[in-house]
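Asker: PDB, C-alpha atoms and all ligand atoms, file work.pdb:
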```pdb
MODEL        1
ATOM      1  CA  MET A 267     -23.104  -1.481  12.579
ATOM      2  CA  LYS A 268     -21.490   1.213  14.738
ATOM      3  CA  LEU A 269     -21.568   0.264  18.466
ATOM      4  CA  SER A 270     -22.357   3.219  20.722
ATOM      5  CA  VAL A 271     -19.866   3.949  23.504
ATOM      6  CA  SER A 272     -22.194   2.298  26.056
ATOM      7  CA  GLY A 273     -22.635  -0.666  23.723
ATOM      8  CA  ARG A 274     -18.913  -1.058  23.473
ATOM      9  CA  ALA A 275     -18.544  -0.863  27.266
ATOM     10  CA  VAL A 276     -21.130  -3.621  27.672
ATOM     11  CA  ALA A 277     -19.356  -5.723  25.053
ATOM     12  CA  ALA A 278     -16.055  -5.288  26.910
ATOM     13  CA  ALA A 279     -17.687  -6.274  30.224
ATOM     14  CA  VAL A 280     -19.152  -9.424  28.676
ATOM     15  CA  VAL A 281     -15.729 -10.378  27.305
ATOM     16  CA  ALA A 282     -14.142  -9.796  30.722
ATOM     17  CA  ALA A 283     -16.746 -11.817  32.606
ATOM     18  CA  THR A 284     -16.564 -14.682  30.128
ATOM     19  CA  THR A 285     -12.782 -14.779  30.342
ATOM     20  CA  LEU A 286     -12.731 -14.732  34.144
ATOM     21  CA  LEU A 287     -15.314 -17.560  34.292
ATOM     22  CA  ALA A 288     -13.049 -19.528  31.959
ATOM     23  CA  GLY A 289     -10.146 -19.155  34.427
ATOM     24  CA  GLY A 290      -8.438 -16.313  32.630
ATOM     25  CA  THR A 291      -7.235 -13.044  34.144
ATOM     26  CA  VAL A 292      -8.527  -9.522  33.757
ATOM     27  CA  ALA A 293      -5.435  -8.692  31.692
ATOM     28  CA  ASP A 294      -6.403 -11.446  29.225
ATOM     29  CA  ALA A 295      -9.964 -10.197  29.301
ATOM     30  CA  THR A 296      -9.144  -6.651  28.300
ATOM     31  CA  PRO A 297      -9.858  -6.444  24.576
ATOM     32  CA  ALA A 298      -7.662  -4.401  22.270
ATOM     33  CA  PRO A 299      -8.995  -0.842  21.946
ATOM     34  CA  LEU A 300     -11.419  -0.486  19.057
ATOM     35  CA  PRO A 301     -10.472   2.134  16.459
ATOM     36  CA  ALA A 302     -12.156   5.454  17.202
ATOM     37  CA  ALA A 303     -15.560   5.648  15.555
ATOM     38  CA  ALA A 304     -16.095   8.382  12.976
ATOM     39  CA  PRO A 305     -18.797  10.934  13.713
ATOM     40  CA  ASP A 306     -21.848  11.176  11.480
ATOM     41  CA  ILE A 307     -21.234  13.666   8.657
ATOM     42  CA  PRO A 308     -24.297  15.973   8.512
ATOM     43  CA  VAL A 309     -25.487  15.776   4.902
ATOM     44  CA  ALA A 310     -27.001  19.249   5.365
ATOM     45  CA  ASN A 311     -23.474  20.575   5.833
ATOM     46  CA  VAL A 312     -22.284  18.803   2.691
ATOM     47  CA  LYS A 313     -25.218  20.254   0.755
ATOM     48  CA  ALA A 314     -24.417  23.730   2.075
ATOM     49  CA  HIS A 315     -21.002  23.443   0.406
ATOM     50  CA  LEU A 316     -22.737  22.390  -2.812
ATOM     51  CA  THR A 317     -24.934  25.499  -2.584
ATOM     52  CA  GLN A 318     -21.776  27.587  -2.291
ATOM     53  CA  PHE A 319     -20.265  25.884  -5.351
ATOM     54  CA  GLN A 320     -23.508  26.490  -7.272
ATOM     55  CA  SER A 321     -23.523  30.184  -6.328
ATOM     56  CA  ILE A 322     -19.883  30.500  -7.332
ATOM     57  CA  ALA A 323     -20.563  28.929 -10.744
ATOM     58  CA  THR A 324     -23.633  31.102 -11.298
ATOM     59  CA  ALA A 325     -21.603  34.232 -10.506
ATOM     60  CA  ASN A 326     -18.730  33.186 -12.771
ATOM     61  CA  GLY A 327     -20.035  32.274 -16.200
ATOM     62  CA  GLY A 328     -21.826  29.080 -15.157
ATOM     63  CA  ASN A 329     -18.817  26.879 -14.479
ATOM     64  CA  ARG A 330     -15.899  26.120 -12.137
ATOM     65  CA  ALA A 331     -13.492  24.920 -14.821
ATOM     66  CA  HIS A 332      -9.699  24.983 -14.816
ATOM     67  CA  GLY A 333      -8.331  28.423 -15.646
ATOM     68  CA  ARG A 334     -11.688  30.135 -15.126
ATOM     69  CA  PRO A 335     -12.668  32.450 -12.223
ATOM     70  CA  GLY A 336     -15.170  29.927 -10.875
ATOM     71  CA  TYR A 337     -12.444  27.402 -10.114
ATOM     72  CA  LYS A 338     -10.264  29.809  -8.136
ATOM     73  CA  ALA A 339     -13.327  31.095  -6.247
ATOM     74  CA  SER A 340     -14.212  27.483  -5.333
ATOM     75  CA  LEU A 341     -10.679  26.905  -4.075
ATOM     76  CA  ASP A 342     -10.701  30.137  -2.054
ATOM     77  CA  TYR A 343     -13.967  29.020  -0.395
ATOM     78  CA  VAL A 344     -12.598  25.610   0.568
ATOM     79  CA  LYS A 345      -9.279  27.059   1.768
ATOM     80  CA  ALA A 346     -10.953  29.684   3.956
ATOM     81  CA  ARG A 347     -13.009  27.020   5.754
ATOM     82  CA  LEU A 348      -9.953  24.856   6.337
ATOM     83  CA  ASP A 349      -7.753  27.736   7.537
ATOM     84  CA  ALA A 350     -10.438  28.747  10.021
ATOM     85  CA  ALA A 351     -10.591  25.157  11.303
ATOM     86  CA  GLY A 352      -6.851  24.933  12.020
ATOM     87  CA  PHE A 353      -5.492  23.072   8.999
ATOM     88  CA  THR A 354      -2.112  23.860   7.474
ATOM     89  CA  THR A 355      -3.038  24.642   3.863
ATOM     90  CA  THR A 356      -0.800  24.864   0.805
ATOM     91  CA  ILE A 357      -1.699  25.975  -2.724
ATOM     92  CA  GLN A 358       0.356  24.181  -5.366
ATOM     93  CA  GLN A 359       0.450  26.123  -8.631
ATOM     94  CA  PHE A 360       1.103  24.736 -12.120
ATOM     95  CA  THR A 361       0.479  25.798 -15.704
ATOM     96  CA  TYR A 362      -1.634  23.841 -18.159
ATOM     97  CA  SER A 363      -2.985  24.872 -21.547
ATOM     98  CA  GLY A 364      -1.605  28.341 -20.922
ATOM     99  CA  ARG A 365      -3.609  28.832 -17.740
ATOM    100  CA  THR A 366      -2.556  28.697 -14.103
ATOM    101  CA  GLY A 367      -3.752  25.658 -12.157
ATOM    102  CA  TYR A 368      -4.126  25.406  -8.383
ATOM    103  CA  ASN A 369      -4.136  22.288  -6.189
ATOM    104  CA  LEU A 370      -5.126  22.728  -2.535
ATOM    105  CA  ILE A 371      -3.442  20.530   0.083
ATOM    106  CA  ALA A 372      -4.580  20.590   3.714
ATOM    107  CA  ASP A 373      -2.574  18.892   6.461
ATOM    108  CA  TRP A 374      -4.103  18.178   9.866
ATOM    109  CA  PRO A 375      -1.286  18.840  12.387
ATOM    110  CA  GLY A 376      -0.025  15.733  14.200
ATOM    111  CA  GLY A 377       0.274  12.050  13.480
ATOM    112  CA  ASP A 378       3.163  10.121  11.992
ATOM    113  CA  THR A 379       4.246  11.982   8.850
ATOM    114  CA  ASN A 380       5.918   8.810   7.634
ATOM    115  CA  ARG A 381       2.474   7.236   7.420
ATOM    116  CA  VAL A 382       0.080   9.599   5.665
ATOM    117  CA  VAL A 383      -3.561   8.838   4.899
ATOM    118  CA  MET A 384      -4.853  11.058   2.079
ATOM    119  CA  ALA A 385      -8.398  11.738   0.948
ATOM    120  CA  GLY A 386      -8.914  13.742  -2.237
ATOM    121  CA  SER A 387     -11.280  14.892  -4.950
ATOM    122  CA  HIS A 388     -11.118  17.074  -8.012
ATOM    123  CA  LEU A 389     -12.587  20.525  -7.527
ATOM    124  CA  ASP A 390     -12.761  21.560 -11.189
ATOM    125  CA  SER A 391     -15.843  21.203 -13.363
ATOM    126  CA  VAL A 392     -16.147  20.951 -17.101
ATOM    127  CA  SER A 393     -16.595  24.295 -18.880
ATOM    128  CA  SER A 394     -20.181  23.397 -19.871
ATOM    129  CA  GLY A 395     -21.650  23.445 -16.394
ATOM    130  CA  PRO A 396     -21.333  23.985 -12.618
ATOM    131  CA  GLY A 397     -20.195  20.396 -11.912
ATOM    132  CA  ILE A 398     -22.175  19.896  -8.706
ATOM    133  CA  ASN A 399     -22.178  16.090  -8.829
ATOM    134  CA  ASP A 400     -19.000  16.006 -10.881
ATOM    135  CA  ASN A 401     -17.285  16.845  -8.687
ATOM    136  CA  GLY A 402     -18.774  19.192  -6.161
ATOM    137  CA  SER A 403     -20.119  16.098  -4.410
ATOM    138  CA  GLY A 404     -16.691  14.597  -3.740
ATOM    139  CA  SER A 405     -15.122  17.964  -2.923
ATOM    140  CA  ALA A 406     -17.871  18.855  -0.439
ATOM    141  CA  ALA A 407     -17.754  15.469   1.286
ATOM    142  CA  VAL A 408     -13.957  15.605   1.641
ATOM    143  CA  LEU A 409     -14.218  19.165   2.995
ATOM    144  CA  GLU A 410     -16.901  18.275   5.533
ATOM    145  CA  THR A 411     -14.947  15.214   6.686
ATOM    146  CA  ALA A 412     -11.875  17.409   7.205
ATOM    147  CA  LEU A 413     -14.001  19.870   9.201
ATOM    148  CA  ALA A 414     -15.348  16.944  11.259
ATOM    149  CA  VAL A 415     -11.752  15.952  12.084
ATOM    150  CA  ALA A 416     -11.205  19.491  13.379
ATOM    151  CA  ARG A 417     -14.474  19.569  15.322
ATOM    152  CA  ALA A 418     -13.505  16.285  16.986
ATOM    153  CA  GLN A 419      -9.910  17.431  17.492
ATOM    154  CA  TYR A 420      -9.173  13.905  16.263
ATOM    155  CA  LYS A 421      -5.640  12.754  17.010
ATOM    156  CA  PRO A 422      -4.985   9.703  14.815
ATOM    157  CA  THR A 423      -1.784   7.657  14.850
ATOM    158  CA  LYS A 424      -1.159   8.423  11.206
ATOM    159  CA  HIS A 425      -0.980  11.875   9.624
ATOM    160  CA  LEU A 426      -4.083  13.096   7.765
ATOM    161  CA  ARG A 427      -3.853  15.036   4.512
ATOM    162  CA  PHE A 428      -6.756  16.212   2.350
ATOM    163  CA  ALA A 429      -6.518  17.423  -1.256
ATOM    164  CA  TRP A 430      -8.574  19.181  -3.909
ATOM    165  CA  TRP A 431      -7.269  18.803  -7.466
ATOM    166  CA  ASP A 432      -7.452  21.138 -10.443
ATOM    167  CA  ALA A 433      -7.762  20.106 -14.112
ATOM    168  CA  GLU A 434      -8.905  16.535 -13.555
ATOM    169  CA  GLU A 435     -11.324  17.026 -16.417
ATOM    170  CA  LEU A 436      -8.420  17.809 -18.728
ATOM    171  CA  GLY A 437      -6.681  14.529 -17.941
ATOM    172  CA  LEU A 438      -5.892  14.133 -14.230
ATOM    173  CA  VAL A 439      -3.494  17.063 -14.626
ATOM    174  CA  GLY A 440      -3.475  18.423 -11.061
ATOM    175  CA  SER A 441      -3.178  15.118  -9.250
ATOM    176  CA  ARG A 442      -0.477  13.947 -11.656
ATOM    177  CA  HIS A 443       1.428  17.188 -11.051
ATOM    178  CA  TYR A 444       1.241  16.582  -7.294
ATOM    179  CA  VAL A 445       2.444  12.971  -7.500
ATOM    180  CA  ASN A 446       5.219  13.867  -9.944
ATOM    181  CA  SER A 447       6.377  16.620  -7.566
ATOM    182  CA  LEU A 448       6.844  14.116  -4.717
ATOM    183  CA  SER A 449      10.257  12.591  -4.124
ATOM    184  CA  VAL A 450      10.368   8.793  -4.183
ATOM    185  CA  GLY A 451      10.763   8.938  -0.411
ATOM    186  CA  ASN A 452       7.729  11.149   0.047
ATOM    187  CA  ARG A 453       5.619   8.910  -2.167
ATOM    188  CA  ALA A 454       6.525   6.028   0.149
ATOM    189  CA  THR A 455       5.115   7.923   3.135
ATOM    190  CA  ILE A 456       1.581   7.819   1.696
ATOM    191  CA  SER A 457       0.015   4.685   3.161
ATOM    192  CA  GLY A 458      -3.196   5.177   1.211
ATOM    193  CA  TYR A 459      -4.991   7.598  -1.128
ATOM    194  CA  LEU A 460      -8.811   7.641  -1.086
ATOM    195  CA  ASN A 461     -10.536   9.198  -4.118
ATOM    196  CA  PHE A 462     -14.067  10.590  -4.314
ATOM    197  CA  ASP A 463     -15.289  11.609  -7.761
ATOM    198  CA  MET A 464     -19.079  11.657  -8.304
ATOM    199  CA  ILE A 465     -20.616  10.341  -5.078
ATOM    200  CA  GLY A 466     -24.115  11.849  -5.283
ATOM    201  CA  SER A 467     -25.444  10.771  -8.692
ATOM    202  CA  PRO A 468     -29.224  11.264  -9.050
ATOM    203  CA  ASN A 469     -29.860   7.632 -10.114
ATOM    204  CA  PRO A 470     -27.126   6.216  -7.918
ATOM    205  CA  GLY A 471     -25.215   2.997  -7.850
ATOM    206  CA  TYR A 472     -22.872   2.120  -4.992
ATOM    207  CA  PHE A 473     -19.500   1.290  -6.503
ATOM    208  CA  VAL A 474     -16.293   0.611  -4.603
ATOM    209  CA  TYR A 475     -12.905   0.781  -6.329
ATOM    210  CA  ASP A 476     -11.333  -2.675  -6.480
ATOM    211  CA  ASP A 477      -7.744  -1.593  -5.994
ATOM    212  CA  ASP A 478      -6.100  -1.906  -2.550
ATOM    213  CA  PRO A 479      -7.836  -4.814  -0.754
ATOM    214  CA  THR A 480      -7.664  -3.261   2.722
ATOM    215  CA  ILE A 481      -9.240  -0.003   1.546
ATOM    216  CA  GLU A 482     -11.826  -1.885  -0.511
ATOM    217  CA  LYS A 483     -12.722  -4.061   2.512
ATOM    218  CA  THR A 484     -13.069  -0.982   4.717
ATOM    219  CA  PHE A 485     -15.672   0.511   2.376
ATOM    220  CA  LYS A 486     -17.478  -2.774   1.677
ATOM    221  CA  GLU A 487     -17.811  -3.563   5.394
ATOM    222  CA  TYR A 488     -19.211  -0.111   6.040
ATOM    223  CA  PHE A 489     -21.923  -0.471   3.404
ATOM    224  CA  ALA A 490     -22.637  -4.041   4.532
ATOM    225  CA  GLY A 491     -23.307  -2.547   7.970
ATOM    226  CA  LEU A 492     -25.903  -0.305   6.347
ATOM    227  CA  GLY A 493     -27.403  -3.245   4.452
ATOM    228  CA  VAL A 494     -26.486  -1.566   1.151
ATOM    229  CA  PRO A 495     -25.064  -3.883  -1.513
ATOM    230  CA  THR A 496     -22.047  -2.646  -3.469
ATOM    231  CA  GLU A 497     -20.421  -3.494  -6.787
ATOM    232  CA  ILE A 498     -16.827  -3.021  -7.807
ATOM    233  CA  GLU A 499     -16.218   0.051  -9.961
ATOM    234  CA  THR A 500     -15.711  -1.204 -13.531
ATOM    235  CA  GLU A 501     -15.768   1.958 -15.630
ATOM    236  CA  GLY A 502     -12.116   1.375 -16.161
ATOM    237  CA  ASP A 503      -8.951   2.199 -14.370
ATOM    238  CA  GLY A 504      -7.335   5.547 -14.882
ATOM    239  CA  ARG A 505     -10.619   7.432 -14.954
ATOM    240  CA  SER A 506      -9.908   9.658 -11.984
ATOM    241  CA  ASP A 507      -7.302  11.113  -9.643
ATOM    242  CA  HIS A 508      -6.399   7.880  -7.900
ATOM    243  CA  ALA A 509      -4.633   6.776 -11.108
ATOM    244  CA  PRO A 510      -1.399   8.806 -10.709
ATOM    245  CA  PHE A 511      -1.099   7.579  -7.098
ATOM    246  CA  LYS A 512      -1.662   3.969  -8.177
ATOM    247  CA  SER A 513       0.975   4.329 -10.903
ATOM    248  CA  ALA A 514       3.408   5.537  -8.239
ATOM    249  CA  GLY A 515       2.771   2.445  -6.105
ATOM    250  CA  VAL A 516       0.509   4.095  -3.519
ATOM    251  CA  PRO A 517      -2.381   1.935  -2.246
ATOM    252  CA  VAL A 518      -5.619   3.492  -3.516
ATOM    253  CA  GLY A 519      -9.364   3.144  -3.173
ATOM    254  CA  GLY A 520     -12.513   5.145  -3.494
ATOM    255  CA  LEU A 521     -16.246   5.400  -4.070
ATOM    256  CA  PHE A 522     -18.365   6.224  -7.114
ATOM    257  CA  THR A 523     -22.117   6.482  -7.805
ATOM    258  CA  GLY A 524     -21.955   6.342 -11.617
ATOM    259  CA  ALA A 525     -21.822   8.619 -14.627
ATOM    260  CA  SER A 526     -23.217   8.201 -18.141
ATOM    261  CA  ARG A 527     -23.612   4.422 -18.116
ATOM    262  CA  THR A 528     -27.171   3.080 -17.804
ATOM    263  CA  LYS A 529     -28.495   1.404 -14.634
ATOM    264  CA  THR A 530     -29.554  -2.184 -15.329
ATOM    265  CA  ALA A 531     -32.779  -3.818 -14.152
ATOM    266  CA  ALA A 532     -30.810  -5.941 -11.693
ATOM    267  CA  GLN A 533     -29.122  -2.840 -10.281
ATOM    268  CA  ALA A 534     -32.440  -1.029  -9.954
ATOM    269  CA  GLN A 535     -33.782  -4.069  -8.115
ATOM    270  CA  LYS A 536     -31.066  -3.847  -5.445
ATOM    271  CA  TRP A 537     -30.505  -0.094  -5.289
ATOM    272  CA  GLY A 538     -33.798   1.418  -6.345
ATOM    273  CA  GLY A 539     -33.864   4.166  -8.909
ATOM    274  CA  THR A 540     -34.657   3.751 -12.597
ATOM    275  CA  ALA A 541     -33.470   0.976 -14.886
ATOM    276  CA  GLY A 542     -32.566   1.937 -18.416
ATOM    277  CA  VAL A 543     -31.574   5.447 -17.338
ATOM    278  CA  ALA A 544     -28.039   6.785 -16.787
ATOM    279  CA  PHE A 545     -26.726   6.990 -13.248
ATOM    280  CA  ASP A 546     -26.185  10.702 -13.973
ATOM    281  CA  ARG A 547     -28.118  12.044 -16.993
ATOM    282  CA  CYS A 548     -26.480  15.435 -16.519
ATOM    283  CA  TYR A 549     -22.920  14.140 -16.688
ATOM    284  CA  HIS A 550     -20.709  16.936 -18.094
ATOM    285  CA  SER A 551     -23.798  19.005 -18.834
ATOM    286  CA  SER A 552     -25.185  22.374 -17.797
ATOM    287  CA  CYS A 553     -27.892  20.559 -15.783
ATOM    288  CA  ASP A 554     -25.313  19.207 -13.304
ATOM    289  CA  THR A 555     -26.661  21.608 -10.688
ATOM    290  CA  THR A 556     -27.688  21.277  -7.034
ATOM    291  CA  SER A 557     -30.874  19.599  -8.362
ATOM    292  CA  ASN A 558     -28.711  16.817  -9.785
ATOM    293  CA  ILE A 559     -27.937  15.186  -6.444
ATOM    294  CA  ASN A 560     -29.403  12.169  -4.627
ATOM    295  CA  ASP A 561     -29.274  13.108  -0.952
ATOM    296  CA  THR A 562     -29.294   9.508   0.311
ATOM    297  CA  ALA A 563     -26.301   8.576  -1.837
ATOM    298  CA  LEU A 564     -24.451  11.755  -0.834
ATOM    299  CA  ASN A 565     -25.183  11.077   2.831
ATOM    300  CA  ARG A 566     -24.135   7.420   2.754
ATOM    301  CA  ASN A 567     -20.938   8.122   0.809
ATOM    302  CA  SER A 568     -19.977  11.054   3.039
ATOM    303  CA  ASP A 569     -20.327   8.822   6.109
ATOM    304  CA  ALA A 570     -18.420   6.009   4.396
ATOM    305  CA  LEU A 571     -15.643   8.514   3.598
ATOM    306  CA  ALA A 572     -15.384   9.569   7.238
ATOM    307  CA  HIS A 573     -15.485   5.959   8.418
ATOM    308  CA  ALA A 574     -12.562   5.055   6.157
ATOM    309  CA  VAL A 575     -10.531   8.128   7.167
ATOM    310  CA  TRP A 576     -10.982   7.345  10.859
ATOM    311  CA  GLN A 577     -10.406   3.615  10.525
ATOM    312  CA  LEU A 578      -7.369   3.756   8.217
ATOM    313  CA  SER A 579      -5.611   6.483  10.235
ATOM    314  CA  SER A 580      -6.290   5.246  13.777
TER     315      SER A 580
HETATM  316  N1  LIG B 601     -13.619  10.720 -15.046
HETATM  317  C1  LIG B 601     -14.608  11.209 -14.092
HETATM  318  C2  LIG B 601     -15.892  10.423 -14.091
HETATM  319  C3  LIG B 601     -15.699   8.957 -14.051
HETATM  320  C4  LIG B 601     -15.970   8.105 -15.063
HETATM  321  N2  LIG B 601     -15.685   6.807 -14.651
HETATM  322  C5  LIG B 601     -15.216   6.850 -13.404
HETATM  323  C6  LIG B 601     -14.792   5.834 -12.554
HETATM  324  C7  LIG B 601     -14.347   6.181 -11.287
HETATM  325  C8  LIG B 601     -14.330   7.536 -10.884
HETATM  326  C9  LIG B 601     -14.760   8.553 -11.739
HETATM  327  C10 LIG B 601     -15.198   8.201 -12.996
HETATM  328  C11 LIG B 601     -14.925  12.633 -14.431
HETATM  329  O1  LIG B 601     -15.548  12.880 -15.472
HETATM  330  O2  LIG B 601     -14.535  13.515 -13.639
HETATM  331 ZN    ZN B 602     -16.082  14.824 -15.227
HETATM  332 ZN    ZN B 603     -15.165  13.843 -11.885
ENDMDL
END
```
Taking this structure as input, can you express it in the form of structure tokens?
Ligand code: DTR
Ligand code: ZN
Ligand code: ZN

Answerer:
Amino acid sequence: MKLSVSGRAVAAAVVAATTLLAGGTVADATPAPLPAAAPDIPVANVKAHLTQFQSIATANGGNRAHGRPGYKASLDYVKARLDAAGFTTTIQQFTYSGRTGYNLIADWPGGDTNRVVMAGSHLDSVSSGPGINDNGSGSAAVLETALAVARAQYKPTKHLRFAWWDAEELGLVGSRHYVNSLSVGNRATISGYLNFDMIGSPNPGYFVYDDDPTIEKTFKEYFAGLGVPTEIETEGDGRSDHAPFKSAGVPVGGLFTGASRTKTAAQAQKWGGTAGVAFDRCYHSSCDTTSNINDTALNRNSDALAHAVWQLSS
């Protein structure tokens, strides 16, 4: 549960009074500062980005795939929002299957650049559809969290970096290119990489990657505070852009609401939704549109993303 500022002040006063009554001093009574609390991420803002991605796909052959106009238009949209908000953005180009690929990296000025917290998502879709859940959902939530950092003028101890990958659907190509381009020393500066790939599935589950224990705990505690049970993500390692970071020894974690696997009766009991139906029936299909999103799942995961970014960088 997030304590409000007044709630935290009351809690601190209770600690102080208790300590003084027990013969301690005010210095003993002063609790360590709590990490700054993340702001709520307005799900309407996240959905507005999804509407943009949908419009881009519709205007560009129905997809946002690597090497197609819809991908570059998606990247230009995200970059323009970040530039306007004060981020330092970099486009990293590469070539794959004869087509130019583009990763977008956005650094929030400040913080210890020897301790970098990264949050990322793949921005490309498959060629058969607009890819709004896969992975407009993750891309929009990462974008809106970055914009929330700017709105708050957040000044964390660690350095914040956000990333949008190209060609994940072709085999984690963009994220692998990024990791491979890092020197061993630069890899060591990344204290954690958080991945968000499909976080708004229409028949959602709440899955947390079971990789780095600190990152996993951060997400699990957040959902516990909401009273939402979670399961560890078991669709197999290596299925998204955290894999190249993990292979390079970077602590990783992330969230996932499910793809083509079927929700069990037990899962429907704890999460709602429909048993015997896929978490996302439109996975890699033309029907992965803005209608293929569960707003509650998108909202919860966007807020969990922001919570982890604030907590792990404070
Ligand atoms: N590979 C992702 C979808 C996916 C499938 N299993 C997982 C597990 C964790 C994250 C993502 C995924 C894609 O199709 O983009
Ligand atoms: Zn996919
Ligand atoms: Zn994906």

Asker: List all protein, DNA and RNA residues that have any atom at most 6 Å from ligand LIG 601 (chain B), counting only C-alpha atoms and all ligand atoms, and write the list as a ChimeraX atom specification.

Answerer: /A:400,435,463,501,505-506,522,525

Asker: Given the file shown, determine the residues that the PyMOL selection byres (((not hetatm)) within 12 of (chain B and resi 603)) selects; report them as a PDB file with C-alpha atoms, in the frame of the given file.

Answerer:
```pdb
ATOM      1  CA  ALA A 331     -13.492  24.920 -14.821  1.00  0.00           C
ATOM      2  CA  GLY A 386      -8.914  13.742  -2.237  1.00  0.00           C
ATOM      3  CA  SER A 387     -11.280  14.892  -4.950  1.00  0.00           C
ATOM      4  CA  HIS A 388     -11.118  17.074  -8.012  1.00  0.00           C
ATOM      5  CA  LEU A 389     -12.587  20.525  -7.527  1.00  0.00           C
ATOM      6  CA  ASP A 390     -12.761  21.560 -11.189  1.00  0.00           C
ATOM      7  CA  SER A 391     -15.843  21.203 -13.363  1.00  0.00           C
ATOM      8  CA  VAL A 392     -16.147  20.951 -17.101  1.00  0.00           C
ATOM      9  CA  PRO A 396     -21.333  23.985 -12.618  1.00  0.00           C
ATOM     10  CA  GLY A 397     -20.195  20.396 -11.912  1.00  0.00           C
ATOM     11  CA  ILE A 398     -22.175  19.896  -8.706  1.00  0.00           C
ATOM     12  CA  ASN A 399     -22.178  16.090  -8.829  1.00  0.00           C
ATOM     13  CA  ASP A 400     -19.000  16.006 -10.881  1.00  0.00           C
ATOM     14  CA  ASN A 401     -17.285  16.845  -8.687  1.00  0.00           C
ATOM     15  CA  GLY A 402     -18.774  19.192  -6.161  1.00  0.00           C
ATOM     16  CA  SER A 403     -20.119  16.098  -4.410  1.00  0.00           C
ATOM     17  CA  GLY A 404     -16.691  14.597  -3.740  1.00  0.00           C
ATOM     18  CA  SER A 405     -15.122  17.964  -2.923  1.00  0.00           C
ATOM     19  CA  TRP A 430      -8.574  19.181  -3.909  1.00  0.00           C
ATOM     20  CA  TRP A 431      -7.269  18.803  -7.466  1.00  0.00           C
ATOM     21  CA  ASP A 432      -7.452  21.138 -10.443  1.00  0.00           C
ATOM     22  CA  ALA A 433      -7.762  20.106 -14.112  1.00  0.00           C
ATOM     23  CA  GLU A 434      -8.905  16.535 -13.555  1.00  0.00           C
ATOM     24  CA  GLU A 435     -11.324  17.026 -16.417  1.00  0.00           C
ATOM     25  CA  LEU A 436      -8.420  17.809 -18.728  1.00  0.00           C
ATOM     26  CA  GLY A 437      -6.681  14.529 -17.941  1.00  0.00           C
ATOM     27  CA  LEU A 438      -5.892  14.133 -14.230  1.00  0.00           C
ATOM     28  CA  ASN A 461     -10.536   9.198  -4.118  1.00  0.00           C
ATOM     29  CA  PHE A 462     -14.067  10.590  -4.314  1.00  0.00           C
ATOM     30  CA  ASP A 463     -15.289  11.609  -7.761  1.00  0.00           C
ATOM     31  CA  MET A 464     -19.079  11.657  -8.304  1.00  0.00           C
ATOM     32  CA  ILE A 465     -20.616  10.341  -5.078  1.00  0.00           C
ATOM     33  CA  GLY A 466     -24.115  11.849  -5.283  1.00  0.00           C
ATOM     34  CA  SER A 467     -25.444  10.771  -8.692  1.00  0.00           C
ATOM     35  CA  GLY A 504      -7.335   5.547 -14.882  1.00  0.00           C
ATOM     36  CA  ARG A 505     -10.619   7.432 -14.954  1.00  0.00           C
ATOM     37  CA  SER A 506      -9.908   9.658 -11.984  1.00  0.00           C
ATOM     38  CA  ASP A 507      -7.302  11.113  -9.643  1.00  0.00           C
ATOM     39  CA  HIS A 508      -6.399   7.880  -7.900  1.00  0.00           C
ATOM     40  CA  LEU A 521     -16.246   5.400  -4.070  1.00  0.00           C
ATOM     41  CA  PHE A 522     -18.365   6.224  -7.114  1.00  0.00           C
ATOM     42  CA  THR A 523     -22.117   6.482  -7.805  1.00  0.00           C
ATOM     43  CA  GLY A 524     -21.955   6.342 -11.617  1.00  0.00           C
ATOM     44  CA  ALA A 525     -21.822   8.619 -14.627  1.00  0.00           C
ATOM     45  CA  SER A 526     -23.217   8.201 -18.141  1.00  0.00           C
ATOM     46  CA  ASP A 546     -26.185  10.702 -13.973  1.00  0.00           C
ATOM     47  CA  TYR A 549     -22.920  14.140 -16.688  1.00  0.00           C
ATOM     48  CA  HIS A 550     -20.709  16.936 -18.094  1.00  0.00           C
ATOM     49  CA  ASP A 554     -25.313  19.207 -13.304  1.00  0.00           C
TER      50      ASP A 554
END
```

Asker: Report, in Å to a single decimal, how far apart CA of Lys483 (chain A) and CA of Lys529 (chain A) are.

Answerer: 23.9 Å

Asker: Which residue gives the smallest distance to Ser557 (chain A) among A:Pro468, A:Gly520, A:Pro479, A:Gly352, with only C-alpha atoms counted?

Answerer: A:Pro468

Asker: For Ala532 (chain A), which of A:Glu410, A:Gly471, A:Phe485, A:Ala351 is the closest residue, counting all atoms listed in the file?

Answerer: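 When distances to Ala532 (chain A) are compared using all atoms listed in the file, the smallest one comes from A:Gly471.
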
Asker: Can you sort out the box for region 318-335 of chain A, edges along x, y and z, all listed atoms in, 5 Å on every side, with centre and edge lengths in Å to one decimal, as lines of an AutoDock Vina configuration file?

Answerer:
```
center_x = -16.0
center_y = 29.6
center_z = -9.2
size_x = 25.3
size_y = 19.3
size_z = 23.9
```

Asker: Run the PyMOL selection byres (((chain A and resi 566) around 10) and not hetatm) mentally over the shown coordinates, then write out the matched residues as a list of chain:residue names, using the chain letters and numbers from the document.

Answerer: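 So the PyMOL selection byres (((chain A and resi 566) around 10) and not hetatm) ends up selecting A:Asp306, A:Ile307, A:Val309, A:Ile465, A:Gly466, A:Tyr472, A:Tyr488, A:Phe489, A:Leu492, A:Val494, A:Asp561, A:Thr562, A:Ala563, A:Leu564, A:Asn565, A:Asn567, A:Ser568, A:Asp569, A:Ala570, A:Leu571.
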